[in-house]
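Undergrad: Next comes the structure file coords_13.cif, holding mmCIF, C-alpha atoms.
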data_coords
#
loop_
_atom_site.label_atom_id
_atom_site.label_comp_id
_atom_site.auth_asym_id
_atom_site.auth_seq_id
_atom_site.Cartn_x
_atom_site.Cartn_y
_atom_site.Cartn_z
CA MET A 33 73.16 99.85 113.19
CA SER A 34 75.24 96.67 113.43
CA HIS A 35 77.12 97.19 110.17
CA PRO A 36 79.67 99.78 111.47
CA GLN A 37 80.47 97.48 114.40
CA VAL A 38 81.22 94.64 112.02
CA VAL A 39 83.53 96.87 109.98
CA ASP A 40 85.26 98.18 113.12
CA GLY A 41 86.09 94.62 114.07
CA LEU A 42 87.91 94.14 110.77
CA LEU A 43 89.80 97.41 110.44
CA PRO A 44 93.55 97.58 111.01
CA ALA A 45 95.06 100.14 113.38
CA PRO A 46 95.34 103.59 111.74
CA VAL A 47 99.13 103.45 112.20
CA PRO A 48 101.27 100.29 112.29
CA VAL A 49 101.34 98.54 115.67
CA ARG A 50 104.65 99.14 117.44
CA PHE A 51 106.18 98.04 120.76
CA VAL A 52 109.77 99.22 120.24
CA ALA A 53 110.91 102.51 118.70
CA GLU A 54 113.66 102.65 116.11
CA ASP A 55 116.20 103.61 118.79
CA GLY A 56 115.40 100.45 120.78
CA THR A 57 113.38 102.09 123.53
CA ALA A 58 109.94 100.87 124.57
CA ALA A 59 107.11 102.54 122.63
CA GLY A 60 104.04 100.67 123.88
CA PRO A 61 102.40 98.42 124.57
CA PRO A 62 99.61 99.16 122.12
CA ALA A 63 96.05 98.45 123.15
CA GLY A 64 94.80 94.95 122.45
CA TYR A 65 98.18 93.21 122.18
CA ARG A 66 100.38 91.43 124.68
CA ALA A 67 104.13 91.57 124.71
CA PRO A 68 105.71 88.17 123.97
CA ALA A 69 107.40 86.29 126.81
CA ASP A 70 110.99 87.29 127.56
CA GLU A 71 112.33 83.86 126.65
CA GLN A 72 110.63 84.12 123.25
CA LEU A 73 112.36 87.43 122.61
CA THR A 74 115.82 86.17 123.52
CA GLU A 75 115.29 83.11 121.32
CA ALA A 76 114.12 85.40 118.53
CA TYR A 77 117.34 87.39 118.86
CA ARG A 78 119.49 84.27 118.51
CA ARG A 79 117.54 83.17 115.44
CA MET A 80 117.75 86.63 113.87
CA VAL A 81 121.54 86.70 114.29
CA LEU A 82 121.79 83.23 112.75
CA GLY A 83 119.35 84.16 109.98
CA ARG A 84 121.29 87.24 108.97
CA ARG A 85 124.55 85.30 108.89
CA PHE A 86 122.89 82.61 106.79
CA ASP A 87 121.62 85.27 104.40
CA ARG A 88 125.13 86.73 104.01
CA GLN A 89 126.53 83.25 103.43
CA ALA A 90 123.95 82.44 100.78
CA THR A 91 124.74 85.72 99.02
CA ALA A 92 128.44 84.82 99.02
CA LEU A 93 127.68 81.36 97.64
CA THR A 94 125.89 83.01 94.73
CA LYS A 95 128.96 85.09 93.92
CA GLN A 96 131.04 81.90 94.05
CA GLY A 97 128.76 80.15 91.57
CA ARG A 98 127.39 77.65 94.09
CA LEU A 99 123.90 79.10 93.75
CA ALA A 100 122.22 80.16 90.53
CA VAL A 101 120.30 82.95 92.26
CA TYR A 102 119.53 84.15 95.77
CA PRO A 103 116.82 86.60 96.89
CA SER A 104 118.14 88.22 100.07
CA SER A 105 115.82 89.03 102.97
CA ARG A 106 118.29 91.21 104.88
CA GLY A 107 116.25 93.80 106.75
CA GLN A 108 113.22 91.53 106.92
CA GLU A 109 114.49 89.22 109.68
CA ALA A 110 111.90 90.37 112.22
CA CYS A 111 109.17 89.17 109.85
CA GLN A 112 110.94 85.93 108.98
CA ILE A 113 111.61 84.91 112.58
CA ALA A 114 108.35 86.13 114.10
CA GLY A 115 106.35 84.25 111.47
CA VAL A 116 107.99 80.99 112.51
CA LEU A 117 107.82 81.60 116.27
CA ALA A 118 104.10 82.34 116.11
CA LEU A 119 103.41 78.83 114.77
CA ARG A 120 103.31 75.43 116.42
CA ALA A 121 105.23 72.48 115.02
CA ASP A 122 102.01 71.02 113.55
CA ASP A 123 101.03 74.27 111.82
CA TRP A 124 101.80 74.72 108.12
CA LEU A 125 103.94 77.40 106.50
CA PHE A 126 103.54 78.41 102.84
CA PRO A 127 106.63 80.47 101.92
CA THR A 128 107.75 82.50 98.94
CA TYR A 129 111.14 82.31 97.27
CA ARG A 130 112.43 85.07 99.60
CA ASP A 131 111.75 83.22 102.85
CA CYS A 132 114.83 81.02 103.19
CA VAL A 133 115.66 82.56 106.57
CA ALA A 134 112.23 81.58 107.88
CA LEU A 135 112.72 78.00 106.70
CA VAL A 136 116.11 77.77 108.39
CA ALA A 137 114.57 79.20 111.57
CA ARG A 138 111.89 76.52 111.30
CA GLY A 139 114.69 73.95 111.59
CA LEU A 140 115.00 72.79 107.99
CA ASP A 141 118.35 71.65 106.65
CA PRO A 142 119.89 74.77 105.03
CA VAL A 143 121.33 72.77 102.15
CA GLU A 144 117.89 71.35 101.40
CA VAL A 145 116.44 74.86 101.60
CA LEU A 146 118.98 76.13 99.06
CA THR A 147 118.51 73.19 96.69
CA LEU A 148 115.84 75.09 94.74
CA LEU A 149 118.17 78.05 94.25
CA ARG A 150 121.02 75.79 93.18
CA GLY A 151 118.77 74.35 90.48
CA ASP A 152 118.81 70.70 91.58
CA TRP A 153 115.17 70.25 92.62
CA HIS A 154 111.99 72.28 92.72
CA CYS A 155 111.97 71.53 96.46
CA GLY A 156 114.82 70.00 98.42
CA TYR A 157 112.94 69.10 101.60
CA ASP A 158 109.91 66.94 102.42
CA PRO A 159 106.85 69.22 102.74
CA ALA A 160 104.75 66.58 104.50
CA ALA A 161 107.42 65.87 107.13
CA THR A 162 108.29 69.51 107.77
CA ARG A 163 104.83 71.00 107.25
CA VAL A 164 106.45 73.59 105.01
CA ALA A 165 105.12 73.87 101.46
CA PRO A 166 107.59 74.23 98.57
CA GLN A 167 108.92 77.75 98.19
CA CYS A 168 106.76 79.49 95.64
CA THR A 169 108.27 81.51 92.80
CA PRO A 170 105.05 82.42 90.89
CA LEU A 171 103.50 85.36 92.74
CA ALA A 172 100.59 84.62 95.08
CA THR A 173 99.75 81.11 93.87
CA GLN A 174 100.77 79.79 97.30
CA THR A 175 97.94 81.76 98.93
CA VAL A 176 95.29 79.68 97.20
CA HIS A 177 97.18 76.49 98.07
CA ALA A 178 97.38 77.66 101.69
CA VAL A 179 93.63 78.12 101.91
CA GLY A 180 93.11 74.66 100.45
CA MET A 181 95.41 73.17 103.08
CA ALA A 182 93.72 75.14 105.86
CA GLU A 183 90.35 73.88 104.75
CA ALA A 184 91.64 70.31 104.58
CA LEU A 185 92.99 70.57 108.13
CA ARG A 186 89.70 71.97 109.40
CA ARG A 187 87.64 69.26 107.72
CA THR A 188 89.83 66.47 109.11
CA GLY A 189 89.48 67.82 112.64
CA GLU A 190 93.00 69.17 113.15
CA ASP A 191 93.28 72.48 114.98
CA ALA A 192 96.41 73.41 113.02
CA VAL A 193 96.73 76.80 111.36
CA VAL A 194 98.27 77.72 108.00
CA MET A 195 100.38 80.84 107.49
CA ALA A 196 100.98 82.09 103.96
CA PHE A 197 103.86 84.50 103.44
CA ILE A 198 103.46 86.94 100.57
CA GLY A 199 105.19 90.06 99.28
CA ASP A 200 103.58 93.39 98.48
CA GLY A 201 103.79 92.64 94.75
CA GLY A 202 101.84 89.43 95.26
CA THR A 203 98.85 91.38 96.60
CA SER A 204 98.34 92.75 93.07
CA GLU A 205 97.73 89.25 91.73
CA GLY A 206 94.27 87.76 91.28
CA ASP A 207 95.22 84.63 93.21
CA PHE A 208 95.64 86.71 96.36
CA HIS A 209 92.16 88.16 96.12
CA GLU A 210 90.61 84.81 95.29
CA ALA A 211 92.36 83.29 98.30
CA LEU A 212 91.05 86.01 100.63
CA ASN A 213 87.51 85.56 99.40
CA TYR A 214 87.67 81.77 99.53
CA ALA A 215 89.10 81.78 103.05
CA ALA A 216 86.61 84.33 104.34
CA VAL A 217 83.55 82.53 103.00
CA LEU A 218 84.72 79.21 104.44
CA ARG A 219 86.18 80.79 107.61
CA SER A 220 89.34 78.80 107.03
CA PRO A 221 92.12 78.89 109.68
CA VAL A 222 94.70 80.72 107.60
CA VAL A 223 96.86 83.79 108.28
CA PHE A 224 97.95 85.87 105.29
CA PHE A 225 101.24 87.54 106.21
CA VAL A 226 102.23 90.32 103.82
CA GLN A 227 105.85 91.48 104.04
CA ASN A 228 105.57 94.89 102.45
CA ASN A 229 109.21 95.61 101.59
CA LYS A 230 108.18 98.58 99.41
CA TYR A 231 109.19 97.20 96.01
CA ALA A 232 107.89 94.53 93.63
CA ILE A 233 111.27 94.12 91.96
CA SER A 234 111.58 97.71 90.65
CA VAL A 235 107.95 98.81 91.06
CA PRO A 236 107.41 100.97 94.17
CA LEU A 237 104.33 100.50 96.32
CA ALA A 238 102.73 103.74 95.12
CA ARG A 239 102.66 102.30 91.60
CA GLN A 240 100.98 99.11 92.84
CA THR A 241 98.04 100.40 94.85
CA ALA A 242 96.19 103.52 95.98
CA ALA A 243 94.99 101.85 99.19
CA PRO A 244 96.04 103.60 102.43
CA ALA A 245 97.71 100.34 103.43
CA LEU A 246 97.72 96.82 102.06
CA ALA A 247 96.02 95.68 105.27
CA TYR A 248 92.84 97.40 104.07
CA LYS A 249 92.56 94.87 101.26
CA GLY A 250 91.08 92.39 103.72
CA ILE A 251 88.07 94.53 104.61
CA GLY A 252 86.18 94.04 101.36
CA TYR A 253 86.32 90.27 101.84
CA GLY A 254 85.30 90.30 105.49
CA VAL A 255 88.79 89.38 106.73
CA ARG A 256 90.07 90.80 110.01
CA SER A 257 93.23 92.79 109.28
CA GLU A 258 96.12 94.55 110.97
CA GLN A 259 99.24 96.49 110.05
CA VAL A 260 102.45 96.35 112.07
CA ASP A 261 105.93 97.83 112.11
CA GLY A 262 107.72 94.98 110.33
CA ASN A 263 111.13 95.95 111.74
CA ASP A 264 109.90 95.64 115.34
CA LEU A 265 110.23 91.95 116.22
CA VAL A 266 108.25 92.41 119.44
CA ALA A 267 105.30 93.92 117.59
CA VAL A 268 105.34 91.47 114.69
CA LEU A 269 105.45 88.47 117.02
CA SER A 270 102.65 89.90 119.18
CA VAL A 271 100.37 90.62 116.22
CA LEU A 272 101.05 87.29 114.50
CA THR A 273 100.47 85.39 117.74
CA GLU A 274 97.06 87.04 118.00
CA ALA A 275 96.33 86.32 114.33
CA VAL A 276 97.19 82.64 114.76
CA ARG A 277 95.07 82.42 117.93
CA HIS A 278 92.15 84.04 116.09
CA ALA A 279 92.39 81.55 113.22
CA ARG A 280 92.92 78.52 115.46
CA GLU A 281 89.90 79.29 117.63
CA GLY A 282 87.50 79.47 114.68
CA GLY A 283 87.57 83.19 114.01
CA GLY A 284 88.39 82.70 110.35
CA PRO A 285 91.26 84.15 108.30
CA PHE A 286 93.43 87.06 109.38
CA LEU A 287 95.49 89.43 107.18
CA VAL A 288 98.63 91.04 108.61
CA GLU A 289 100.70 93.61 106.74
CA ALA A 290 104.23 94.18 108.04
CA HIS A 291 105.92 97.41 106.93
CA THR A 292 109.56 96.53 106.31
CA TYR A 293 112.28 97.06 103.72
CA ARG A 294 114.40 94.95 101.38
CA MET A 295 117.93 96.19 102.02
CA GLU A 296 119.54 94.32 99.13
CA SER A 297 118.59 94.12 95.47
CA HIS A 298 115.67 91.93 94.42
CA THR A 299 118.16 89.14 93.63
CA ASN A 300 121.81 89.01 92.64
CA ALA A 301 120.60 89.54 89.04
CA ASP A 302 119.03 92.91 89.92
CA ASP A 303 120.55 96.39 90.23
CA ALA A 304 118.50 98.26 92.82
CA THR A 305 120.39 101.52 92.25
CA ARG A 306 118.42 101.91 89.02
CA TYR A 307 115.15 102.53 90.87
CA ARG A 308 115.96 103.69 94.43
CA ASP A 309 118.52 106.11 95.85
CA ALA A 310 121.15 105.61 98.54
CA GLU A 311 119.49 108.06 100.93
CA GLU A 312 116.37 105.90 101.07
CA VAL A 313 118.42 102.82 101.89
CA GLU A 314 120.35 104.72 104.57
CA ARG A 315 117.11 105.82 106.25
CA TRP A 316 116.01 102.21 106.51
CA GLU A 317 119.42 101.16 107.82
CA SER A 318 118.64 103.23 110.92
CA ALA A 319 115.53 101.10 111.45
CA ASP A 320 117.50 97.82 111.32
CA PRO A 321 115.38 95.14 113.07
CA LEU A 322 118.33 93.24 114.56
CA ALA A 323 120.00 96.30 116.07
CA ARG A 324 116.65 97.50 117.41
CA LEU A 325 115.92 94.23 119.16
CA GLU A 326 119.44 93.96 120.56
CA THR A 327 119.23 97.47 122.05
CA TYR A 328 115.81 96.74 123.51
CA LEU A 329 116.90 93.46 125.11
CA ARG A 330 120.07 95.03 126.54
CA GLY A 331 118.01 97.87 127.97
CA ARG A 332 115.76 95.41 129.76
CA GLY A 333 118.65 93.34 131.08
CA LEU A 334 117.67 90.32 128.95
CA LEU A 335 120.88 90.35 126.91
CA ASP A 336 124.50 91.16 127.69
CA ALA A 337 127.80 91.22 125.83
CA ALA A 338 128.38 87.53 126.49
CA GLY A 339 124.98 86.68 125.04
CA VAL A 340 125.68 88.74 121.93
CA THR A 341 129.05 87.04 121.46
CA ALA A 342 127.54 83.58 121.94
CA ALA A 343 124.84 84.26 119.34
CA HIS A 344 127.35 85.43 116.75
CA GLU A 345 129.71 82.53 117.42
CA ALA A 346 126.86 80.06 116.95
CA ALA A 347 125.95 81.84 113.71
CA GLU A 348 129.51 81.54 112.42
CA GLU A 349 129.55 77.82 113.17
CA PHE A 350 126.26 77.46 111.33
CA ALA A 351 127.60 79.37 108.32
CA ALA A 352 130.61 77.05 108.21
CA ARG A 353 128.29 74.02 108.09
CA VAL A 354 126.34 75.66 105.28
CA ARG A 355 129.55 76.27 103.32
CA ASP A 356 130.69 72.70 103.80
CA GLY A 357 127.34 71.34 102.70
CA MET A 358 127.11 73.56 99.64
CA ASN A 359 130.72 72.94 98.60
CA ALA A 360 130.06 69.22 98.36
CA ASP A 361 128.88 68.45 94.84
CA PRO A 362 125.44 66.83 94.93
CA GLU A 363 124.96 63.30 93.68
CA THR A 364 122.35 63.54 90.96
CA ASP A 365 120.49 61.01 88.87
CA PRO A 366 119.08 62.32 85.56
CA LEU A 367 116.16 59.90 85.87
CA GLU A 368 114.96 61.89 88.89
CA LEU A 369 113.55 64.30 86.32
CA PHE A 370 110.53 62.01 86.17
CA ASP A 371 110.05 61.60 89.92
CA HIS A 372 107.20 63.44 91.66
CA VAL A 373 105.62 64.63 88.41
CA PHE A 374 102.60 62.33 88.66
CA ALA A 375 101.74 59.63 91.16
CA ASP A 376 101.72 57.26 88.18
CA LEU A 377 103.72 58.19 85.12
CA THR A 378 101.76 58.85 81.97
CA PRO A 379 102.55 56.61 78.99
CA GLN A 380 104.39 59.49 77.33
CA LEU A 381 106.58 60.17 80.36
CA ARG A 382 107.22 56.45 80.85
CA GLU A 383 108.44 56.24 77.26
CA GLN A 384 110.65 59.29 77.71
CA ARG A 385 112.11 57.85 80.90
CA GLU A 386 112.93 54.59 79.16
CA LEU A 387 114.60 56.45 76.28
CA LEU A 388 116.74 58.46 78.71
CA ALA A 389 117.66 55.36 80.71
CA ALA A 390 118.75 53.61 77.53
CA GLU A 391 120.80 56.59 76.45
CA LEU A 392 122.52 56.79 79.84
CA THR A 393 123.47 53.12 79.76
CA GLY A 394 124.48 53.21 76.10
CA THR A 395 121.93 50.59 75.11
CA GLU A 396 119.81 52.77 72.85
CA GLU A 397 119.32 51.15 69.47
#
Could you show the structure in this file as structure tokens?
TA:
Amino acid sequence: MSHPQVVDGLLPAPVPVRFVAEDGTAAGPPAGYRAPADEQLTEAYRRMVLGRRFDRQATALTKQGRLAVYPSSRGQEACQIAGVLALRADDWLFPTYRDCVALVARGLDPVEVLTLLRGDWHCGYDPAATRVAPQCTPLATQTVHAVGMAEALRRTGEDAVVMAFIGDGGTSEGDFHEALNYAAVLRSPVVFFVQNNKYAISVPLARQTAAPALAYKGIGYGVRSEQVDGNDLVAVLSVLTEAVRHAREGGGPFLVEAHTYRMESHTNADDATRYRDAEEVERWESADPLARLETYLRGRGLLDAAGVTAAHEAAEEFAARVRDGMNADPETDPLELFDHVFADLTPQLREQRELLAAELTGTEE
């Protein structure tokens, strides 16, 4: 008799949680979730404006040859910003390669964030100081790392939570399933945040899974799960806040699936017109998360024309700083190739380093 109750406690809502309709009018609140504080929503708006401008600037830098590649997250700003706002400063974030906007919203130096995509370092910032793991390019491997970190935090007595970002394509990887099982058995304080943007490069969701929603993938592992309208910042922040609270208070892992859309191609090296049509993109344009939040805040008297102007002016100033930083050629040392590979270099790497140093100084015999 108790089994159905246990399952009911894990199941996501039958339709994605939503607070704000696509036209910016109130649509909730849904049962079981609280609306975020007004000041959180106005701060989220400012960060979304800045994040979108940063994303446009990074795309332009790619066209100018300042970046080797850039995976845009335009259209996913509600997920990027809400994920950061739901965390405390001492919580950990494990991002993917598409989460640059989230890292900038977390307060990281944008030039350091873009270092990976310029090809200078595998990670341009200090993970220990920022509590942000290196951006992960291999699909889903960061989910296992996130569980390991969450378990380490729990065992050392910290009440910090770990949030692992992941795309819909990553949920098809074995690492994702291993991470869910590992976290559930150990009741680790980790939130798995799936940004379902409908495509794993060119593979649509229907070709990836037959599940009614990706959120249902948590049920088989005993992980509480939820699905949310990923273009509704209010809903995403509310659901993620609850997920983080659940994990922090000992409830174990939580899986959240946000239904959103990748407006641009997979990266600048991709041609999205080969696998999706313009009408589909136009439909999602009408669900733009930034426009939806702006309309909602204006309707509630929390934002006016002056506030909109101020947010965009601040974003332009930020973009200028990003341009200046990226236009300055980095000072590089070829010997840095050997840094941070091992705590102590192996004999083979030490020999290679010495050979390179001799070649650079012209002293090689």
Undergrad: Got a sec to check which residues sit within 9 Å of (119.3, 82.9, 112.2), counting all atoms listed in the file, and write them as a PyMOL selection string?
TA: chain A and resi 76-87+109+113+133-134+136-137+347+350
Undergrad: Go through A:Ala45, A:Val226, A:Ala267, A:Ala338 and flag the residue nearest A:Pro244, using only C-alpha atoms for the distances.
TA: A:Ala45
Undergrad: List as a PyMOL selection string the protein and nucleic acid residues near A:Asp141, meaning an atom at most 12 Å away when all atoms listed in the file are counted, but skip any in the same chain fewer than 2 places from it.
TA: chain A and resi 86+132-139+143-147+156-158+162+350+353-354+357-358
Undergrad: Pick from A:Tyr214, A:Phe224, A:Trp153, A:Tyr231: nearest to A:Ser297, with all atoms listed in the file counted?
TA: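 Closest residue, counting all atoms listed in the file: A:Tyr231.
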Undergrad: Considering all atoms listed in the file, return as a PyMOL selection string whatever protein or nucleic-acid residues lie within 12 Å of A:Val116, sequence-local ones (same chain, fewer than 2 positions apart) excluded.
TA: chain A and resi 72+75-76+79-80+109-114+118-127+131-140+163-164+194-197+225+265+268-269+272-273+276
Undergrad: Output the residue selection produced by the PyMOL selection byres ((chain A and resi 264) around 12) on the file above, formatted as a PyMOL selection string.
TA: chain A and resi 48-60+67+73+76-77+107-114+259-263+265-271+290-293+319-328
Undergrad: Next, write the just-selected residues to a file, as a PDB file, in the frame of the given file, keeping C-alpha atoms as the atom set.
TA:
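Below is the file again-v3.pdb, written as the result:
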ATOM      1  CA  PRO A  48     101.270 100.290 112.290  1.00  0.00           C
ATOM      2  CA  VAL A  49     101.340  98.540 115.670  1.00  0.00           C
ATOM      3  CA  ARG A  50     104.650  99.140 117.440  1.00  0.00           C
ATOM      4  CA  PHE A  51     106.180  98.040 120.760  1.00  0.00           C
ATOM      5  CA  VAL A  52     109.770  99.220 120.240  1.00  0.00           C
ATOM      6  CA  ALA A  53     110.910 102.510 118.700  1.00  0.00           C
ATOM      7  CA  GLU A  54     113.660 102.650 116.110  1.00  0.00           C
ATOM      8  CA  ASP A  55     116.200 103.610 118.790  1.00  0.00           C
ATOM      9  CA  GLY A  56     115.400 100.450 120.780  1.00  0.00           C
ATOM     10  CA  THR A  57     113.380 102.090 123.530  1.00  0.00           C
ATOM     11  CA  ALA A  58     109.940 100.870 124.570  1.00  0.00           C
ATOM     12  CA  ALA A  59     107.110 102.540 122.630  1.00  0.00           C
ATOM     13  CA  GLY A  60     104.040 100.670 123.880  1.00  0.00           C
ATOM     14  CA  ALA A  67     104.130  91.570 124.710  1.00  0.00           C
ATOM     15  CA  LEU A  73     112.360  87.430 122.610  1.00  0.00           C
ATOM     16  CA  ALA A  76     114.120  85.400 118.530  1.00  0.00           C
ATOM     17  CA  TYR A  77     117.340  87.390 118.860  1.00  0.00           C
ATOM     18  CA  GLY A 107     116.250  93.800 106.750  1.00  0.00           C
ATOM     19  CA  GLN A 108     113.220  91.530 106.920  1.00  0.00           C
ATOM     20  CA  GLU A 109     114.490  89.220 109.680  1.00  0.00           C
ATOM     21  CA  ALA A 110     111.900  90.370 112.220  1.00  0.00           C
ATOM     22  CA  CYS A 111     109.170  89.170 109.850  1.00  0.00           C
ATOM     23  CA  GLN A 112     110.940  85.930 108.980  1.00  0.00           C
ATOM     24  CA  ILE A 113     111.610  84.910 112.580  1.00  0.00           C
ATOM     25  CA  ALA A 114     108.350  86.130 114.100  1.00  0.00           C
ATOM     26  CA  GLN A 259      99.240  96.490 110.050  1.00  0.00           C
ATOM     27  CA  VAL A 260     102.450  96.350 112.070  1.00  0.00           C
ATOM     28  CA  ASP A 261     105.930  97.830 112.110  1.00  0.00           C
ATOM     29  CA  GLY A 262     107.720  94.980 110.330  1.00  0.00           C
ATOM     30  CA  ASN A 263     111.130  95.950 111.740  1.00  0.00           C
ATOM     31  CA  LEU A 265     110.230  91.950 116.220  1.00  0.00           C
ATOM     32  CA  VAL A 266     108.250  92.410 119.440  1.00  0.00           C
ATOM     33  CA  ALA A 267     105.300  93.920 117.590  1.00  0.00           C
ATOM     34  CA  VAL A 268     105.340  91.470 114.690  1.00  0.00           C
ATOM     35  CA  LEU A 269     105.450  88.470 117.020  1.00  0.00           C
ATOM     36  CA  SER A 270     102.650  89.900 119.180  1.00  0.00           C
ATOM     37  CA  VAL A 271     100.370  90.620 116.220  1.00  0.00           C
ATOM     38  CA  ALA A 290     104.230  94.180 108.040  1.00  0.00           C
ATOM     39  CA  HIS A 291     105.920  97.410 106.930  1.00  0.00           C
ATOM     40  CA  THR A 292     109.560  96.530 106.310  1.00  0.00           C
ATOM     41  CA  TYR A 293     112.280  97.060 103.720  1.00  0.00           C
ATOM     42  CA  ALA A 319     115.530 101.100 111.450  1.00  0.00           C
ATOM     43  CA  ASP A 320     117.500  97.820 111.320  1.00  0.00           C
ATOM     44  CA  PRO A 321     115.380  95.140 113.070  1.00  0.00           C
ATOM     45  CA  LEU A 322     118.330  93.240 114.560  1.00  0.00           C
ATOM     46  CA  ALA A 323     120.000  96.300 116.070  1.00  0.00           C
ATOM     47  CA  ARG A 324     116.650  97.500 117.410  1.00  0.00           C
ATOM     48  CA  LEU A 325     115.920  94.230 119.160  1.00  0.00           C
ATOM     49  CA  GLU A 326     119.440  93.960 120.560  1.00  0.00           C
ATOM     50  CA  THR A 327     119.230  97.470 122.050  1.00  0.00           C
ATOM     51  CA  TYR A 328     115.810  96.740 123.510  1.00  0.00           C
TER      52      TYR A 328
END
Undergrad: Would you translate the PyMOL selection byres ((chain A and resi 235) around 12) into the concrete set of residues it matches in this file, as an MDAnalysis selection string?
TA: chainID A and resid 200:202 204 229:234 236:241 298 304 306:308
Undergrad: Give me the residues near A:Val179 as a JSON list (two decimals) with C-alpha atoms, in the frame of the given file, where near means some atom within 10 Å (using only C-alpha atoms) and where sequence neighbours in that chain fewer than 2 positions away do not count.
TA:
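Everything below was put into out.json:
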[["chain", "number", "residue", "atom", "x", "y", "z"],
["A", 126, "PHE", "CA", 103.54, 78.41, 102.84],
["A", 174, "GLN", "CA", 100.77, 79.79, 97.30],
["A", 175, "THR", "CA", 97.94, 81.76, 98.93],
["A", 176, "VAL", "CA", 95.29, 79.68, 97.20],
["A", 177, "HIS", "CA", 97.18, 76.49, 98.07],
["A", 181, "MET", "CA", 95.41, 73.17, 103.08],
["A", 182, "ALA", "CA", 93.72, 75.14, 105.86],
["A", 183, "GLU", "CA", 90.35, 73.88, 104.75],
["A", 184, "ALA", "CA", 91.64, 70.31, 104.58],
["A", 185, "LEU", "CA", 92.99, 70.57, 108.13],
["A", 194, "VAL", "CA", 98.27, 77.72, 108.00],
["A", 195, "MET", "CA", 100.38, 80.84, 107.49],
["A", 196, "ALA", "CA", 100.98, 82.09, 103.96],
["A", 210, "GLU", "CA", 90.61, 84.81, 95.29],
["A", 211, "ALA", "CA", 92.36, 83.29, 98.30],
["A", 212, "LEU", "CA", 91.05, 86.01, 100.63],
["A", 213, "ASN", "CA", 87.51, 85.56, 99.40],
["A", 214, "TYR", "CA", 87.67, 81.77, 99.53],
["A", 215, "ALA", "CA", 89.10, 81.78, 103.05],
["A", 216, "ALA", "CA", 86.61, 84.33, 104.34],
["A", 218, "LEU", "CA", 84.72, 79.21, 104.44],
["A", 219, "ARG", "CA", 86.18, 80.79, 107.61],
["A", 220, "SER", "CA", 89.34, 78.80, 107.03],
["A", 221, "PRO", "CA", 92.12, 78.89, 109.68],
["A", 222, "VAL", "CA", 94.70, 80.72, 107.60],
["A", 223, "VAL", "CA", 96.86, 83.79, 108.28],
["A", 224, "PHE", "CA", 97.95, 85.87, 105.29],
["A", 285, "PRO", "CA", 91.26, 84.15, 108.30]]
Undergrad: Give the answer as one residue: which of A:Ile198, A:Phe370, A:Glu281, A:Leu388 has the shortest atom-to-atom distance to A:Leu246, using only C-alpha atoms?
TA: A:Ile198
Undergrad: Can you turn the PyMOL selection byres ((chain A and resi 130) around 7) into a concrete residue list for this file, as a ChimeraX atom specification?
TA: /A:103-105,128-129,131-132
Undergrad: Suppose you want the space between atom CA of A:Gln89 and atom CA of A:Pro142; what is it in Å?
TA: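 These two atoms are separated by 10.9 Å.
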Undergrad: With only C-alpha atoms as the atoms that count, which of A:Asp336, A:Asp365, A:Glu274, A:Glu296 lies nearest to A:Val313?
TA: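 For A:Val313, the nearest of the candidates is A:Glu296.
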Undergrad: Would you mind reading off the distance between atom CA of A:Val101 and atom CA of A:Arg150, one decimal, in Å?
TA: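 Separation of atom CA of A:Val101 and atom CA of A:Arg150: 7.3 Å.
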Undergrad: Between A:His372, A:Pro366, A:Lys249, A:Ala178, which is the closest to A:Glu386 once you count all atoms listed in the file?
TA: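 Distance minimum relative to A:Glu386 lands on A:Pro366.
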Undergrad: For a test of reading the model, state the distance in Å between atom CA of A:Leu387 and atom CA of A:Cys155, rounded to one decimal.
TA: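 Interatomic distance, atom CA of A:Leu387 to atom CA of A:Cys155: 25.3 Å.
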Undergrad: Would you please work out which residue, of A:Pro362, A:Gly206, A:Gly199, A:Pro44, is nearest to A:Asp152 when using all atoms listed in the file?
TA: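 That would be A:Pro362, the residue with the smallest distance to A:Asp152.
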